[in-house]
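See structure below.
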Amino acid sequence: MDFRERIIKTETLSKDIHLIRIRSERITDSAIPGQFVNVRCCSGLDAYLRRPISICRVCRSDKTFDIAYMKRGKGTSLLCNFREGDAIDVIGPLGSGFTMPEAGEKIAVVGGGIGIFPLLYLVNSCNDVDKTVFLGFRSKDAVVLKDDFERSSNKLVIATDDGTFGIKGFVTGPFYDWLKTNRPDKVYTCGPLPMIKSVAEYCIERDIFCEVSMEQRMGCGIGACLVCACKVKEGLDFGYARVCRDGPVFRAERLLFE
Amino acid sequence: MDLSVNIAGMKLKNPVIAASGTFGFGREYSKFFDLNRLGGISVKGLTLEPRKGNRPPRIAETPGGILNSVGLQNPGVHAFIRDEIPFLRGFDTAVIANVAGNTVEDYRAIVEILSDADIDAIELNVSCPNVKEGCLMFGSTASGVFEVTGAVRKVCKKPLIVKLSPNVTDITEIARAAEAAGADCVSLINTLLGMSIDIEKRKPVLANIMGGLSGPAVKPVAVRMVYETAKAVKIPVIGMGGISNGNDAVEFMLAGASAVMVGTAGFVNPNVWVETVQGIEKYMRENGFEKAADLTGALII
Ligand SMILES: Cc1cc2nc3c(=O)[nH]c(=O)nc-3n(C[C@H](O)[C@H](O)[C@H](O)COP(=O)(O)OP(=O)(O)OC[C@H]3O[C@@H](n4cnc5c(N)ncnc54)[C@H](O)[C@@H]3O)c2cc1C
Ligand SMILES: Cc1cc2nc3c(=O)[nH]c(=O)nc-3n(C[C@H](O)[C@H](O)[C@H](O)COP(=O)(O)O)c2cc1C
Ligand code: FES
């Protein structure tokens with residue numbers, strides 16, 4: 001199997017967030033929101049393992065999809081070297097997706113940092129749904145894809161840790177305020193652990209359907225090596241599910257946050 | 001050209017076997033390539049009872065390799081027999097059951113159960129660095145390996161492969177103990193005990209603190225150990241550790257291996273197993289080898 005696809009464009013979204021648009025019939029034909037791709041950052045041994053990156057947008061008509069990533073360590077730094085026209089080695093789509101809302105339902109989406117990317121694909125993919133989006137960023141210069149989220153949702157609320165944009169503080173604040181007067185049918189969350197944990201627990205207490213997209217370090221990315229463990233309930237006991245294959249999207253009730 | 005090899009009474013259609021723990025029970029990779037292309041599959045390490053495994057993170061990337069600390073997460077031998085063997089038997093490839101235990105009694109019991117199952121061979125993992133009790137303890141001394149291999153041999157009706165740990169001073173002494181106790185074959189190397197630290201957090205990357213190193217980084221160590229072991233024992237040797245293509249596999253075979261296992265490289269390149277078979281074939285063609293078996297020990301010193 002050949003996993004090489006063509007890069008259509010690259011774009012810098014902020015100081016350390018970059019976007020790559022890739023043409024791939026293989027991936028766009030079957031992808032659903034919440035899934036990810038496993039990207040090879042170089043052909044040598046520099047960043048040996050592939051890096052899991054969420055699918056952030058899919059355009060079925062021109063067979064392209066986007067990934068957006070934050071430059072952090074070795075692998076994501078190497079990704080910054082890719083240019084339009086280059087071949088890129090991507091395995092996917094991988095993992096489970098979100099349960100899509102039904103027409104007429106009301107949903108809330110809560111994302112923080114790099115967790116916002118799979119959520120954009122989600123809100124972009126549901127029509128006839130009342131969508132309220134809550135996004136949290138470190139500060140004003142970290143805010144990305146605002147217009148995209150605005151276009152595809154009914155309401156967008158942004159919070160920054162330092163108050164340089166939108167509401168000051170954690171994004172969970174305005175979300176919990178909103179919940180006082182709103183009852184969503186489904187809540188979706190992805191981002192830093194304290195945030196997703198808080199949102200999950202809040203929803204479970206109020207019996208609101210909630211799905212969480214988890215992160216874990218991966219090896220194979222397809223379910224064979226069992227390194228991407230995530231603690232889940234198994235009857236009265238616990239067990240470890242595979243984030244790459246059983247997830248990354250899990251029902252909140254199933255998770256046992258450490 | 002004849003790619004087939006005979007080891008421990010098993011005929012493999014080619015010398016390339018998927019390494020235990022990197023390939024699950026074959027289901028996932030079967031979506032990427034035809035498992036009939038493999039010489040064999042060594043399944044995820046099995047224990048008598050299901051095991052949950054260690055806390056995450058269980059993997060750290062290191063230069064040219066990885067550290068893992070999965071800790072033998074598996075559904076137990078009975079679930080393997082019930083749920084996985086029927087699937088694996090849908091392919092024309094050897095099925096090797098990799099087993100581990102905490103006590104000699106555990107090893108004996110699981111081997112007894114598997115002796116009546118529809119598998120081709122048993123690989124005794126006495127060298128897992130990721131579980132506290134048993135396992136590595138047996139693998140790190142010649143007397144431990146002799147004891148556990150001997151106990152298992154009495155009840156084992158299948159070809160018995162003993163998988164050796166590289167975390168020892170003299171691997172030949174351990175290999176000889178396995179041979180003396182009745183092993184039909186030895187496989188090596190399991191992972192090298194290692195550690196990696198996140199200096200920003202001042203914490204180990206792995207929740208388990210230490211883990212097993214595999215991938216290209218370990219290859220020269222593995223080739224050396226295969227070379228030493230093949231000279232020290234008469235039973236066949238299966239070589240592994242960092243194989244990423246046919247040339248790497250040929251290196252192990254020239255050093256004395258009769259077959260090879262490939263694991264970690266598949267995480268990066270799911271085609272690696274098929275490409276390794278093709279690469280061995282290419283080397284044979286270009287270097288005038290008719291039989292893959294003739295590569296074994298063909299090193300010129
Ligand atoms: C399902 C999933 C979806 C993701 N989607 C996105 C996304 O859309 N955009 C984005 O910017 N990031 C995303 N991430 C996180 C991204 O995978 C890591 O930021 C990236 O792997 C870091 O690699 P590095 O080479 O920069 O860092 P290094 O520190 O050099 O990485 C070393 C190793 O640790 C792993 N690693 C480090 N941080 C993480 C992490 N947070 N999660 C998982 N593995 C990690 C790397 O993959 C690599 O194997 C996602 C992670 C998962 C599991
Ligand atoms: C994630 C992972 C899990 C493993 N699990 C097992 C196991 O259950 N039993 C075993 O005998 N070896 C296990 N191994 C060791 C491999 O089978 C092999 O000996 C080692 O990784 C070296 O080969 P490689 O570099 O080709 O991966 C595991 C290795 C990895 C990377
Ligand atoms: S990364 Fe291998 S099982 Fe998830």
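How things are named: the first chain in the structure tokens is A, the next is B, and so on; residues count from 1 in each chain; ligands count from 1 in the order shown.
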
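Near ligand 2, at distances of 6 Å or less and with only C-alpha atoms and all ligand atoms counted, sit the residues Cys225 of chain A; Ala19, Ser20, Gly21, Thr22, Lys44, Gly45, Asn68, Leu72, Asn125, Ile189, Asn190, Thr191, Ser214, Gly215, Met240, Gly241, Gly242, Ile243, Val262, Gly263 and Thr264 of chain B.
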
Could you write out the selected residues, including N, CA, C and O atoms, as a PDB file, in the first residue's frame?
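As written to disk, part08.pdb reads:
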```pdb
ATOM      1  N   CYS A 225      -0.346  -2.540  18.837  1.00  0.00           N
ATOM      2  CA  CYS A 225       0.787  -2.598  19.773  1.00  0.00           C
ATOM      3  C   CYS A 225       0.417  -2.300  21.221  1.00  0.00           C
ATOM      4  O   CYS A 225       1.221  -2.533  22.120  1.00  0.00           O
TER       5      CYS A 225
ATOM      6  N   ALA B  19       7.010  -9.989  14.744  1.00  0.00           N
ATOM      7  CA  ALA B  19       7.505 -10.128  16.117  1.00  0.00           C
ATOM      8  C   ALA B  19       6.383  -9.936  17.137  1.00  0.00           C
ATOM      9  O   ALA B  19       5.502  -9.084  16.968  1.00  0.00           O
ATOM     10  N   SER B  20       6.458 -10.720  18.193  1.00  0.00           N
ATOM     11  CA  SER B  20       5.430 -10.678  19.236  1.00  0.00           C
ATOM     12  C   SER B  20       5.260  -9.282  19.836  1.00  0.00           C
ATOM     13  O   SER B  20       6.237  -8.587  20.109  1.00  0.00           O
ATOM     14  N   GLY B  21       4.015  -8.905  20.044  1.00  0.00           N
ATOM     15  CA  GLY B  21       3.708  -7.655  20.734  1.00  0.00           C
ATOM     16  C   GLY B  21       3.606  -6.456  19.812  1.00  0.00           C
ATOM     17  O   GLY B  21       3.114  -5.406  20.211  1.00  0.00           O
ATOM     18  N   THR B  22       4.078  -6.634  18.589  1.00  0.00           N
ATOM     19  CA  THR B  22       4.031  -5.503  17.659  1.00  0.00           C
ATOM     20  C   THR B  22       2.930  -5.699  16.624  1.00  0.00           C
ATOM     21  O   THR B  22       2.655  -4.813  15.826  1.00  0.00           O
ATOM     22  N   LYS B  44       0.801 -11.545  20.258  1.00  0.00           N
ATOM     23  CA  LYS B  44       1.021 -10.801  21.507  1.00  0.00           C
ATOM     24  C   LYS B  44       1.213 -11.775  22.666  1.00  0.00           C
ATOM     25  O   LYS B  44       0.492 -12.773  22.767  1.00  0.00           O
ATOM     26  N   GLY B  45       2.157 -11.489  23.548  1.00  0.00           N
ATOM     27  CA  GLY B  45       2.465 -12.348  24.687  1.00  0.00           C
ATOM     28  C   GLY B  45       1.219 -12.711  25.489  1.00  0.00           C
ATOM     29  O   GLY B  45       0.458 -11.840  25.898  1.00  0.00           O
ATOM     30  N   ASN B  68       9.231   0.811  25.130  1.00  0.00           N
ATOM     31  CA  ASN B  68       7.838   0.525  25.457  1.00  0.00           C
ATOM     32  C   ASN B  68       7.734  -0.133  26.815  1.00  0.00           C
ATOM     33  O   ASN B  68       8.657  -0.803  27.277  1.00  0.00           O
ATOM     34  N   LEU B  72       2.621  -6.584  28.983  1.00  0.00           N
ATOM     35  CA  LEU B  72       1.886  -7.823  28.680  1.00  0.00           C
ATOM     36  C   LEU B  72       0.369  -7.715  28.785  1.00  0.00           C
ATOM     37  O   LEU B  72      -0.287  -8.649  29.245  1.00  0.00           O
ATOM     38  N   ASN B 125       8.451 -16.599  26.342  1.00  0.00           N
ATOM     39  CA  ASN B 125       9.037 -15.292  26.610  1.00  0.00           C
ATOM     40  C   ASN B 125       9.537 -15.283  28.047  1.00  0.00           C
ATOM     41  O   ASN B 125       8.762 -15.109  28.977  1.00  0.00           O
ATOM     42  N   ILE B 189      16.735 -10.748  19.641  1.00  0.00           N
ATOM     43  CA  ILE B 189      16.688 -10.358  21.038  1.00  0.00           C
ATOM     44  C   ILE B 189      15.319  -9.779  21.411  1.00  0.00           C
ATOM     45  O   ILE B 189      14.641  -9.200  20.566  1.00  0.00           O
ATOM     46  N   ASN B 190      14.967  -9.959  22.671  1.00  0.00           N
ATOM     47  CA  ASN B 190      13.860  -9.178  23.203  1.00  0.00           C
ATOM     48  C   ASN B 190      14.389  -7.753  23.408  1.00  0.00           C
ATOM     49  O   ASN B 190      15.519  -7.449  23.032  1.00  0.00           O
ATOM     50  N   THR B 191      13.597  -6.901  23.990  1.00  0.00           N
ATOM     51  CA  THR B 191      14.011  -5.492  24.093  1.00  0.00           C
ATOM     52  C   THR B 191      15.101  -5.290  25.147  1.00  0.00           C
ATOM     53  O   THR B 191      15.205  -6.039  26.114  1.00  0.00           O
ATOM     54  N   SER B 214      13.620  -0.946  21.381  1.00  0.00           N
ATOM     55  CA  SER B 214      13.578  -1.716  20.134  1.00  0.00           C
ATOM     56  C   SER B 214      13.709  -0.756  18.964  1.00  0.00           C
ATOM     57  O   SER B 214      13.744   0.451  19.150  1.00  0.00           O
ATOM     58  N   GLY B 215      13.760  -1.318  17.762  1.00  0.00           N
ATOM     59  CA  GLY B 215      13.911  -0.475  16.573  1.00  0.00           C
ATOM     60  C   GLY B 215      15.355  -0.427  16.104  1.00  0.00           C
ATOM     61  O   GLY B 215      16.246  -1.047  16.706  1.00  0.00           O
ATOM     62  N   MET B 240      16.252 -11.110  15.613  1.00  0.00           N
ATOM     63  CA  MET B 240      15.443  -9.890  15.478  1.00  0.00           C
ATOM     64  C   MET B 240      16.060  -8.757  16.273  1.00  0.00           C
ATOM     65  O   MET B 240      16.932  -8.975  17.128  1.00  0.00           O
ATOM     66  N   GLY B 241      15.565  -7.553  16.010  1.00  0.00           N
ATOM     67  CA  GLY B 241      16.032  -6.345  16.683  1.00  0.00           C
ATOM     68  C   GLY B 241      16.362  -5.291  15.645  1.00  0.00           C
ATOM     69  O   GLY B 241      17.443  -5.298  15.074  1.00  0.00           O
ATOM     70  N   GLY B 242      15.386  -4.457  15.351  1.00  0.00           N
ATOM     71  CA  GLY B 242      15.639  -3.313  14.475  1.00  0.00           C
ATOM     72  C   GLY B 242      15.596  -3.585  12.987  1.00  0.00           C
ATOM     73  O   GLY B 242      15.987  -2.728  12.192  1.00  0.00           O
ATOM     74  N   ILE B 243      15.127  -4.746  12.574  1.00  0.00           N
ATOM     75  CA  ILE B 243      15.089  -5.034  11.135  1.00  0.00           C
ATOM     76  C   ILE B 243      14.065  -4.130  10.442  1.00  0.00           C
ATOM     77  O   ILE B 243      12.913  -4.046  10.866  1.00  0.00           O
ATOM     78  N   VAL B 262      10.292  -9.317  12.649  1.00  0.00           N
ATOM     79  CA  VAL B 262      10.288  -7.875  12.393  1.00  0.00           C
ATOM     80  C   VAL B 262       9.134  -7.261  13.171  1.00  0.00           C
ATOM     81  O   VAL B 262       8.001  -7.757  13.089  1.00  0.00           O
ATOM     82  N   GLY B 263       9.419  -6.204  13.920  1.00  0.00           N
ATOM     83  CA  GLY B 263       8.373  -5.613  14.756  1.00  0.00           C
ATOM     84  C   GLY B 263       8.237  -4.122  14.607  1.00  0.00           C
ATOM     85  O   GLY B 263       7.500  -3.611  13.755  1.00  0.00           O
ATOM     86  N   THR B 264       9.010  -3.396  15.415  1.00  0.00           N
ATOM     87  CA  THR B 264       8.876  -1.950  15.533  1.00  0.00           C
ATOM     88  C   THR B 264       8.830  -1.210  14.194  1.00  0.00           C
ATOM     89  O   THR B 264       8.052  -0.264  14.033  1.00  0.00           O
TER      90      THR B 264
END
```

Find the residues near ligand 1. Use a cut-off of 8 Å, count only C-alpha atoms and all ligand atoms, and write them as a short mmCIF file (atom, residue, chain, number, x, y, z; two decimals) with N, CA, C and O atoms, in the first residue's frame.
```cif
data_model
loop_
_atom_site.label_atom_id
_atom_site.label_comp_id
_atom_site.auth_asym_id
_atom_site.auth_seq_id
_atom_site.Cartn_x
_atom_site.Cartn_y
_atom_site.Cartn_z
N ILE A 17 1.19 27.68 14.86
CA ILE A 17 0.18 26.77 14.31
C ILE A 17 0.24 26.83 12.78
O ILE A 17 0.21 27.91 12.19
N GLN A 35 -11.83 11.54 13.51
CA GLN A 35 -10.73 10.66 13.10
C GLN A 35 -9.44 11.44 12.90
O GLN A 35 -9.44 12.67 12.79
N PHE A 36 -8.34 10.69 12.83
CA PHE A 36 -7.04 11.33 12.66
C PHE A 36 -6.23 10.62 11.59
O PHE A 36 -6.64 9.56 11.09
N VAL A 37 -5.12 11.22 11.23
CA VAL A 37 -4.17 10.57 10.33
C VAL A 37 -2.84 10.44 11.06
O VAL A 37 -2.57 11.17 12.00
N ALA A 47 12.77 11.83 13.38
CA ALA A 47 11.60 11.68 14.25
C ALA A 47 11.03 10.33 13.82
O ALA A 47 10.33 10.25 12.84
N TYR A 48 11.42 9.28 14.53
CA TYR A 48 11.22 7.92 14.03
C TYR A 48 9.74 7.56 13.85
O TYR A 48 9.33 7.06 12.82
N LEU A 49 8.95 7.83 14.88
CA LEU A 49 7.54 7.44 14.83
C LEU A 49 6.71 8.43 14.02
O LEU A 49 7.07 9.59 13.88
N ARG A 50 5.58 7.95 13.54
CA ARG A 50 4.60 8.84 12.92
C ARG A 50 3.95 9.69 14.00
O ARG A 50 3.95 9.32 15.17
N ARG A 51 3.37 10.83 13.61
CA ARG A 51 2.67 11.70 14.56
C ARG A 51 1.19 11.69 14.26
O ARG A 51 0.80 11.91 13.11
N PRO A 52 0.36 11.44 15.28
CA PRO A 52 -1.09 11.51 15.06
C PRO A 52 -1.59 12.94 15.01
O PRO A 52 -1.29 13.73 15.91
N ILE A 53 -2.30 13.29 13.96
CA ILE A 53 -2.87 14.64 13.81
C ILE A 53 -4.32 14.50 13.35
O ILE A 53 -4.62 13.74 12.42
N SER A 54 -5.21 15.26 13.97
CA SER A 54 -6.63 15.17 13.65
C SER A 54 -6.93 15.72 12.27
O SER A 54 -6.27 16.66 11.80
N ILE A 55 -7.96 15.18 11.67
CA ILE A 55 -8.45 15.75 10.42
C ILE A 55 -9.31 16.96 10.81
O ILE A 55 -10.19 16.86 11.66
N CYS A 56 -9.01 18.08 10.19
CA CYS A 56 -9.58 19.35 10.63
C CYS A 56 -10.64 19.86 9.65
O CYS A 56 -11.52 20.64 9.99
N ILE A 67 -4.90 19.29 7.78
CA ILE A 67 -4.47 19.05 9.15
C ILE A 67 -3.87 20.36 9.65
O ILE A 67 -3.24 21.09 8.88
N ALA A 68 -4.11 20.67 10.91
CA ALA A 68 -3.50 21.85 11.51
C ALA A 68 -2.74 21.36 12.73
O ALA A 68 -3.23 20.50 13.46
N TYR A 69 -1.53 21.85 12.90
CA TYR A 69 -0.72 21.33 14.00
C TYR A 69 0.08 22.42 14.67
O TYR A 69 0.38 23.46 14.07
N MET A 70 0.39 22.17 15.91
CA MET A 70 1.23 23.10 16.65
C MET A 70 2.67 22.61 16.60
O MET A 70 2.93 21.43 16.84
N LYS A 71 3.58 23.53 16.30
CA LYS A 71 5.00 23.17 16.29
C LYS A 71 5.46 23.03 17.74
O LYS A 71 5.43 23.98 18.51
N ARG A 72 5.84 21.79 18.09
CA ARG A 72 6.24 21.55 19.48
C ARG A 72 7.63 20.93 19.53
O ARG A 72 8.59 21.58 19.89
N GLY A 73 7.73 19.67 19.16
CA GLY A 73 9.02 18.98 19.25
C GLY A 73 9.60 18.69 17.89
O GLY A 73 9.35 19.40 16.91
N LYS A 74 10.36 17.60 17.84
CA LYS A 74 11.09 17.22 16.63
C LYS A 74 10.19 17.00 15.41
O LYS A 74 10.43 17.52 14.34
N GLY A 75 9.16 16.19 15.61
CA GLY A 75 8.32 15.79 14.47
C GLY A 75 7.56 16.96 13.88
O GLY A 75 7.58 17.18 12.66
N THR A 76 6.89 17.71 14.72
CA THR A 76 6.10 18.83 14.21
C THR A 76 7.01 19.93 13.64
O THR A 76 6.61 20.65 12.73
N SER A 77 8.24 20.04 14.14
CA SER A 77 9.17 21.01 13.55
C SER A 77 9.53 20.58 12.13
O SER A 77 9.63 21.41 11.22
N LEU A 78 9.74 19.27 11.94
CA LEU A 78 10.05 18.77 10.59
C LEU A 78 8.87 18.97 9.64
O LEU A 78 9.07 19.22 8.45
N GLY A 95 -9.07 5.57 13.69
CA GLY A 95 -9.80 5.79 14.93
C GLY A 95 -11.30 5.91 14.76
O GLY A 95 -11.83 5.85 13.65
N ILE A 114 -4.80 22.73 20.92
CA ILE A 114 -4.80 21.91 19.72
C ILE A 114 -6.04 21.01 19.64
O ILE A 114 -6.27 20.36 18.63
N GLY A 115 -6.83 21.01 20.70
CA GLY A 115 -8.06 20.22 20.69
C GLY A 115 -9.16 20.79 19.82
O GLY A 115 -10.17 20.13 19.59
N ILE A 116 -8.98 22.00 19.34
CA ILE A 116 -10.05 22.61 18.54
C ILE A 116 -10.13 22.02 17.13
O ILE A 116 -11.16 22.10 16.49
N PHE A 117 -9.03 21.41 16.65
CA PHE A 117 -8.99 21.02 15.23
C PHE A 117 -10.01 19.95 14.83
O PHE A 117 -10.71 20.13 13.84
N PRO A 118 -10.12 18.84 15.58
CA PRO A 118 -11.14 17.86 15.17
C PRO A 118 -12.55 18.42 15.33
O PRO A 118 -13.47 17.99 14.63
N SER A 213 -12.63 13.56 23.06
CA SER A 213 -11.55 13.05 22.21
C SER A 213 -10.26 13.08 23.01
O SER A 213 -9.85 14.12 23.51
N MET A 214 -9.62 11.92 23.13
CA MET A 214 -8.45 11.76 24.00
C MET A 214 -7.14 11.78 23.20
O MET A 214 -7.12 11.48 22.01
N GLU A 215 -6.06 12.10 23.91
CA GLU A 215 -4.73 12.06 23.31
C GLU A 215 -3.88 11.05 24.06
O GLU A 215 -3.99 10.94 25.27
N GLN A 216 -3.04 10.34 23.35
CA GLN A 216 -2.04 9.51 24.01
C GLN A 216 -0.90 9.26 23.04
O GLN A 216 -1.10 9.28 21.82
N ARG A 217 0.28 9.05 23.56
CA ARG A 217 1.42 8.71 22.71
C ARG A 217 1.16 7.39 22.00
O ARG A 217 0.68 6.46 22.63
N MET A 218 1.50 7.34 20.73
CA MET A 218 1.17 6.16 19.93
C MET A 218 2.39 5.49 19.33
O MET A 218 3.43 6.10 19.15
N GLY A 219 2.21 4.20 19.03
CA GLY A 219 3.22 3.45 18.28
C GLY A 219 2.68 3.21 16.89
O GLY A 219 2.87 4.00 15.98
N VAL A 243 -6.42 4.23 22.44
CA VAL A 243 -6.86 5.54 21.95
C VAL A 243 -6.91 5.54 20.41
O VAL A 243 -7.80 6.10 19.81
N CYS A 244 -5.99 4.83 19.78
CA CYS A 244 -5.91 4.88 18.32
C CYS A 244 -7.04 4.14 17.63
O CYS A 244 -7.35 4.43 16.48
N GLY A 247 -10.67 4.59 20.45
CA GLY A 247 -10.90 6.03 20.45
C GLY A 247 -10.41 6.58 19.15
O GLY A 247 -10.38 5.83 18.18
N PRO A 248 -10.01 7.85 19.04
CA PRO A 248 -9.77 8.76 20.17
C PRO A 248 -11.06 9.27 20.83
O PRO A 248 -11.00 9.81 21.91
N ILE B 59 4.99 4.53 25.89
CA ILE B 59 5.97 4.58 24.79
C ILE B 59 6.74 5.90 24.83
O ILE B 59 6.19 6.94 25.19
N ALA B 60 8.01 5.81 24.52
CA ALA B 60 8.84 7.00 24.37
C ALA B 60 9.64 6.84 23.10
O ALA B 60 10.16 5.75 22.83
N GLU B 61 9.71 7.90 22.32
CA GLU B 61 10.55 7.85 21.12
C GLU B 61 11.97 8.18 21.53
O GLU B 61 12.19 9.11 22.30
#
```

- request: Residues of chain A no more than 10 Å from chain B, counting only C-alpha atoms: send them over as JSON, numbers by chain.
  value: {"A": [1, 2, 3, 38, 39, 40, 43, 44, 45, 46, 47, 48, 49, 50, 51, 89, 91, 216, 217, 218, 219, 220, 221, 222, 223, 224, 225, 226, 227, 228, 229, 230, 231, 238, 239, 240, 241, 245, 258]}

message: If we count only C-alpha atoms and set the cut-off at 6 Å, which residues sit around stretch 169-178 of chain A, ignoring sequence neighbours fewer than 3 positions away in its own chain? Please answer as a ChimeraX atom specification.
response: /A:136,159-161,181

May I have the residues within 9 Å of B:Ser196 as a JSON list (two decimals) with all heavy atoms, in the first residue's frame, using only C-alpha atoms and disregarding those fewer than 6 positions away in the same chain?
```json
[["chain", "number", "residue", "atom", "x", "y", "z"],
["B", 60, "ALA", "N", 8.01, 5.81, 24.52],
["B", 60, "ALA", "CA", 8.84, 7.00, 24.37],
["B", 60, "ALA", "C", 9.64, 6.84, 23.10],
["B", 60, "ALA", "O", 10.16, 5.75, 22.83],
["B", 60, "ALA", "CB", 9.79, 7.14, 25.57],
["B", 61, "GLU", "N", 9.71, 7.90, 22.32],
["B", 61, "GLU", "CA", 10.55, 7.85, 21.12],
["B", 61, "GLU", "C", 11.97, 8.18, 21.53],
["B", 61, "GLU", "O", 12.19, 9.11, 22.30],
["B", 61, "GLU", "CB", 10.04, 8.88, 20.10],
["B", 61, "GLU", "CG", 10.77, 8.80, 18.79],
["B", 61, "GLU", "CD", 10.26, 9.86, 17.82],
["B", 61, "GLU", "OE1", 10.65, 11.03, 17.99],
["B", 61, "GLU", "OE2", 9.48, 9.52, 16.93],
["B", 62, "THR", "N", 12.93, 7.41, 21.03],
["B", 62, "THR", "CA", 14.34, 7.64, 21.33],
["B", 62, "THR", "C", 15.09, 7.66, 20.00],
["B", 62, "THR", "O", 14.50, 7.30, 18.99],
["B", 62, "THR", "CB", 14.88, 6.52, 22.25],
["B", 62, "THR", "OG1", 14.69, 5.28, 21.59],
["B", 62, "THR", "CG2", 14.16, 6.50, 23.59],
["B", 67, "LEU", "N", 11.09, 3.14, 23.31],
["B", 67, "LEU", "CA", 11.01, 2.38, 24.56],
["B", 67, "LEU", "C", 9.54, 2.07, 24.76],
["B", 67, "LEU", "O", 8.70, 2.94, 24.57],
["B", 67, "LEU", "CB", 11.47, 3.25, 25.73],
["B", 67, "LEU", "CG", 12.94, 3.59, 25.85],
["B", 67, "LEU", "CD1", 13.13, 4.68, 26.92],
["B", 67, "LEU", "CD2", 13.74, 2.35, 26.23],
["B", 203, "LYS", "N", 10.77, 14.35, 34.76],
["B", 203, "LYS", "CA", 10.11, 13.08, 35.04],
["B", 203, "LYS", "C", 10.46, 12.06, 33.97],
["B", 203, "LYS", "O", 10.74, 12.44, 32.82],
["B", 203, "LYS", "CB", 8.59, 13.27, 35.00],
["B", 203, "LYS", "CG", 8.04, 13.94, 36.23],
["B", 203, "LYS", "CD", 6.54, 13.97, 36.15],
["B", 203, "LYS", "CE", 5.97, 14.28, 37.52],
["B", 203, "LYS", "NZ", 4.54, 14.29, 37.53],
["B", 204, "PRO", "N", 10.40, 10.77, 34.33],
["B", 204, "PRO", "CA", 10.58, 9.76, 33.28],
["B", 204, "PRO", "C", 9.45, 9.89, 32.26],
["B", 204, "PRO", "O", 8.33, 10.23, 32.64],
["B", 204, "PRO", "CB", 10.44, 8.43, 34.03],
["B", 204, "PRO", "CG", 10.50, 8.76, 35.48],
["B", 204, "PRO", "CD", 10.11, 10.19, 35.64],
["B", 205, "VAL", "N", 9.72, 9.64, 30.98],
["B", 205, "VAL", "CA", 8.66, 9.71, 29.97],
["B", 205, "VAL", "C", 7.65, 8.58, 30.19],
["B", 205, "VAL", "O", 6.45, 8.78, 30.07],
["B", 205, "VAL", "CB", 9.24, 9.65, 28.54],
["B", 205, "VAL", "CG1", 8.12, 9.69, 27.51],
["B", 205, "VAL", "CG2", 10.21, 10.81, 28.31],
["B", 206, "LEU", "N", 8.15, 7.40, 30.53],
["B", 206, "LEU", "CA", 7.26, 6.26, 30.76],
["B", 206, "LEU", "C", 6.75, 6.26, 32.19],
["B", 206, "LEU", "O", 7.52, 6.46, 33.13],
["B", 206, "LEU", "CB", 8.01, 4.95, 30.51],
["B", 206, "LEU", "CG", 8.58, 4.74, 29.11],
["B", 206, "LEU", "CD1", 9.42, 3.46, 29.08],
["B", 206, "LEU", "CD2", 7.46, 4.67, 28.08],
["B", 209, "ILE", "N", 8.62, 4.15, 34.44],
["B", 209, "ILE", "CA", 10.01, 4.61, 34.58],
["B", 209, "ILE", "C", 10.94, 3.98, 33.53],
["B", 209, "ILE", "O", 11.55, 4.68, 32.76],
["B", 209, "ILE", "CB", 10.58, 4.41, 36.00],
["B", 209, "ILE", "CG1", 9.67, 5.11, 37.02],
["B", 209, "ILE", "CG2", 12.02, 4.97, 36.08],
["B", 209, "ILE", "CD1", 10.10, 4.94, 38.46],
["B", 210, "MET", "N", 11.01, 2.64, 33.53],
["B", 210, "MET", "CA", 11.88, 1.99, 32.55],
["B", 210, "MET", "C", 11.06, 1.23, 31.52],
["B", 210, "MET", "O", 9.90, 0.90, 31.76],
["B", 210, "MET", "CB", 12.82, 1.03, 33.27],
["B", 210, "MET", "CG", 13.88, 1.76, 34.07],
["B", 210, "MET", "SD", 14.99, 0.63, 34.86],
["B", 210, "MET", "CE", 14.26, 0.48, 36.46],
["B", 211, "GLY", "N", 11.67, 0.95, 30.39],
["B", 211, "GLY", "CA", 10.97, 0.20, 29.35],
["B", 211, "GLY", "C", 11.96, -0.52, 28.46],
["B", 211, "GLY", "O", 13.17, -0.50, 28.69]]
```

- request: Provide the atom CA of B:Val250 to atom CA of B:Val274 distance in Å, to one decimal place.
  value: 14.3 Å

query: Could you pull the residues within 9 Å of stretch 36-40 of chain B, counting only C-alpha atoms, minus those fewer than 3 positions along the same chain, as a VMD selection string?
result: chain B and resid 4 to 5 11 to 18 33 91 to 96 259 261 273 to 274 277

message: as a ChimeraX atom specification, please: every residue in stretch 46-291 of chain B that a backbone DSSP assignment puts in alpha helix (DSSP H).
response: /B:77-79,85-88,104-115,136-139,142-153,171-180,219-232,246-254,265-268,272-287

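The neighbours of B:Ile301 here are the residues that come within 12 Å of it, using only C-alpha atoms and leaving out any residue fewer than 4 positions away in the same chain; they are Tyr227, Leu254, Ala255 and Gly297 of chain B.
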